[in-house]
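structure07.txt follows (compact mmCIF, C-alpha atoms):
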# COMPACT_ATOMS: atom_id res chain seq x y z
CA MET A 1 20.96 5.91 -30.23
CA ASP A 2 20.53 4.72 -26.66
CA ARG A 3 18.37 6.84 -24.45
CA THR A 4 18.83 6.50 -20.76
CA ARG A 5 15.93 6.91 -18.42
CA ARG A 6 16.07 10.19 -16.59
CA LYS A 7 15.52 10.17 -12.84
CA PHE A 8 14.00 13.17 -11.14
CA SER A 9 14.46 14.10 -7.52
CA ARG A 10 11.60 14.24 -5.07
CA GLU A 11 11.92 18.03 -4.89
CA PHE A 12 11.68 18.36 -8.69
CA ASN A 13 8.50 16.26 -8.72
CA ILE A 14 6.90 18.29 -5.94
CA GLN A 15 7.80 21.60 -7.57
CA SER A 16 6.50 20.47 -10.97
CA VAL A 17 3.18 19.43 -9.42
CA ARG A 18 2.97 22.77 -7.61
CA LEU A 19 3.56 24.56 -10.89
CA VAL A 20 0.66 22.80 -12.58
CA THR A 21 -1.70 23.14 -9.63
CA TYR A 22 -0.80 26.83 -9.30
CA GLU A 23 -1.67 27.39 -12.96
CA ALA A 24 -4.93 25.47 -12.53
CA ASP A 25 -5.78 27.57 -9.45
CA GLN A 26 -5.11 30.75 -11.42
CA GLU A 27 -7.47 29.53 -14.15
CA LEU A 28 -10.12 28.84 -11.52
CA ILE A 29 -9.71 32.34 -10.13
CA ARG A 30 -10.13 33.82 -13.62
CA GLY A 31 -13.21 31.63 -14.14
CA ILE A 32 -11.64 29.55 -16.90
CA ASN A 33 -11.84 26.04 -15.53
CA SER A 34 -12.48 23.60 -18.33
CA PRO A 35 -10.71 20.28 -18.94
CA THR A 36 -9.16 21.74 -22.09
CA ASN A 37 -7.53 24.62 -20.25
CA ARG A 38 -6.22 22.38 -17.50
CA GLY A 39 -4.68 20.09 -20.13
CA VAL A 40 -2.98 23.05 -21.76
CA ALA A 41 -1.51 24.02 -18.39
CA VAL A 42 -0.08 20.51 -18.04
CA ALA A 43 1.20 20.57 -21.60
CA GLU A 44 2.80 23.98 -21.15
CA ALA A 45 4.38 23.01 -17.85
CA ALA A 46 5.71 19.77 -19.33
CA HIS A 47 7.14 21.67 -22.28
CA ASP A 48 8.74 24.28 -19.99
CA LEU A 49 10.26 21.57 -17.78
CA ASP A 50 11.38 19.54 -20.82
CA ILE A 51 9.56 16.39 -19.72
CA ALA A 52 6.77 14.34 -21.25
CA GLU A 53 3.19 15.11 -20.30
CA SER A 54 2.71 11.54 -19.08
CA VAL A 55 5.62 11.94 -16.66
CA LEU A 56 4.09 15.12 -15.27
CA ARG A 57 0.65 13.56 -14.99
CA GLY A 58 2.20 10.60 -13.15
CA CYS A 59 3.82 13.04 -10.74
CA MET A 60 0.43 14.63 -10.20
CA ARG A 61 -1.24 11.28 -9.43
CA GLU A 62 1.38 9.94 -7.04
CA PRO A 63 1.01 12.46 -4.20
CA THR A 64 -2.76 11.98 -4.13
CA ALA A 65 -2.45 8.19 -4.01
CA THR A 66 0.09 8.10 -1.18
CA SER A 67 0.69 11.60 0.07
CA VAL A 68 2.97 10.69 2.97
CA THR A 69 5.31 8.49 0.98
CA ALA A 70 5.09 10.14 -2.42
CA PHE A 71 8.26 10.11 -4.52
CA PRO A 72 10.37 7.78 -2.32
CA GLY A 73 13.47 8.10 -4.51
CA ASN A 74 16.05 5.62 -5.77
CA GLY A 75 16.23 2.30 -3.98
CA GLN A 76 13.60 3.21 -1.41
CA MET A 77 10.31 1.39 -1.36
CA ARG A 78 7.10 2.46 0.29
CA ALA A 79 6.32 0.68 3.55
CA ASP A 80 3.47 -1.34 2.05
CA LEU A 81 5.68 -2.55 -0.81
CA VAL A 82 8.41 -3.55 1.66
CA GLU A 83 5.90 -5.68 3.54
CA ILE A 84 4.62 -7.28 0.33
CA SER A 85 8.19 -8.07 -0.73
CA ALA A 86 8.96 -9.70 2.63
CA LEU A 87 5.79 -11.79 2.44
CA MET A 88 6.62 -12.94 -1.09
CA LYS A 89 10.10 -14.03 0.02
CA GLU A 90 8.61 -15.98 2.91
CA LEU A 91 6.08 -17.58 0.58
CA ALA A 92 8.89 -18.68 -1.74
CA ARG A 93 10.75 -20.24 1.22
CA LEU A 94 7.79 -22.30 2.52
CA PRO A 95 7.73 -25.02 -0.21
CA ALA A 96 11.40 -25.78 0.46
CA GLU A 97 10.68 -26.14 4.17
CA ARG A 98 7.75 -28.45 3.40
CA VAL A 99 9.96 -30.73 1.30
CA ILE A 100 12.56 -30.90 4.07
CA LEU A 101 9.92 -31.75 6.67
CA LYS A 102 8.43 -34.48 4.45
CA GLU A 103 11.86 -36.05 4.00
CA ALA A 104 12.53 -35.86 7.73
CA ALA A 105 9.18 -37.49 8.51
CA ALA A 106 9.83 -40.26 5.99
CA PHE A 107 13.32 -40.85 7.40
CA SER A 108 12.10 -41.05 10.99
CA ALA A 109 9.23 -43.37 9.94
CA ARG A 110 11.73 -45.78 8.32
CA GLY A 111 13.90 -45.75 11.42
CA ALA A 112 10.96 -46.49 13.75
CA ILE A 113 9.97 -49.69 11.91

Show the structure stored in the file as structure tokens.
Amino acid sequence: MDRTRRKFSREFNIQSVRLVTYEADQELIRGINSPTNRGVAVAEAAHDLDIAESVLRGCMREPTATSVTAFPGNGQMRADLVEISALMKELARLPAERVILKEAAAFSARGAI
């Protein structure tokens, strides 16, 4: 049985994180703030949303790592990753340019003699 990877919208990710943080805030208000209870809140939220806990925890980590560009969506890369990709393409192009310049230098050196 083939399972396709589900893709969640940015809004879904934000709402799921809000759900977990709201539950954690409610536990803090009630004075029940232990790692066990917070994990249960994540587990319950993941079960209610029909997603894996690891997916929900990943959604919780992403906004804190890059809050402005969290959950960019399909086919959109963060600005820093776009720059890295452009630099890697340029780096791949440089050896070819070097070979061409070496051949041109060798050709002009033969013609000068």

Find the spatial neighbours of Met60 (chain A), counting all atoms listed in the file, within a cut-off of 9 Å - ignore same-chain residues fewer than 4 positions away - and output them as a PDB file with C-alpha atoms, keeping the file's coordinate frame.
ATOM      1  CA  ASN A  13       8.500  16.260  -8.720  1.00  0.00           C
ATOM      2  CA  ILE A  14       6.900  18.290  -5.940  1.00  0.00           C
ATOM      3  CA  SER A  16       6.500  20.470 -10.970  1.00  0.00           C
ATOM      4  CA  VAL A  17       3.180  19.430  -9.420  1.00  0.00           C
ATOM      5  CA  ARG A  18       2.970  22.770  -7.610  1.00  0.00           C
ATOM      6  CA  VAL A  20       0.660  22.800 -12.580  1.00  0.00           C
ATOM      7  CA  THR A  21      -1.700  23.140  -9.630  1.00  0.00           C
ATOM      8  CA  VAL A  55       5.620  11.940 -16.660  1.00  0.00           C
ATOM      9  CA  LEU A  56       4.090  15.120 -15.270  1.00  0.00           C
ATOM     10  CA  THR A  64      -2.760  11.980  -4.130  1.00  0.00           C
TER      11      THR A  64
END

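Among the candidates A:Cys59, A:Leu19, A:Leu81, A:Ala86, the one nearest to Glu44 (chain A) when counting only C-alpha atoms is A:Leu19.
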
Show me, as lines of an AutoDock Vina configuration file, the centre and edge lengths in Å to one decimal of the axis-aligned box that covers every listed atom of region 81-93 of chain A with 6 Å on each side.
center_x = 7.7
center_y = -11.4
center_z = 0.9
size_x = 18.1
size_y = 29.7
size_z = 17.3

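Computed from the coordinates, the CA of Ile51 (chain A) to CA of Arg3 (chain A) distance equals 13.8 Å.
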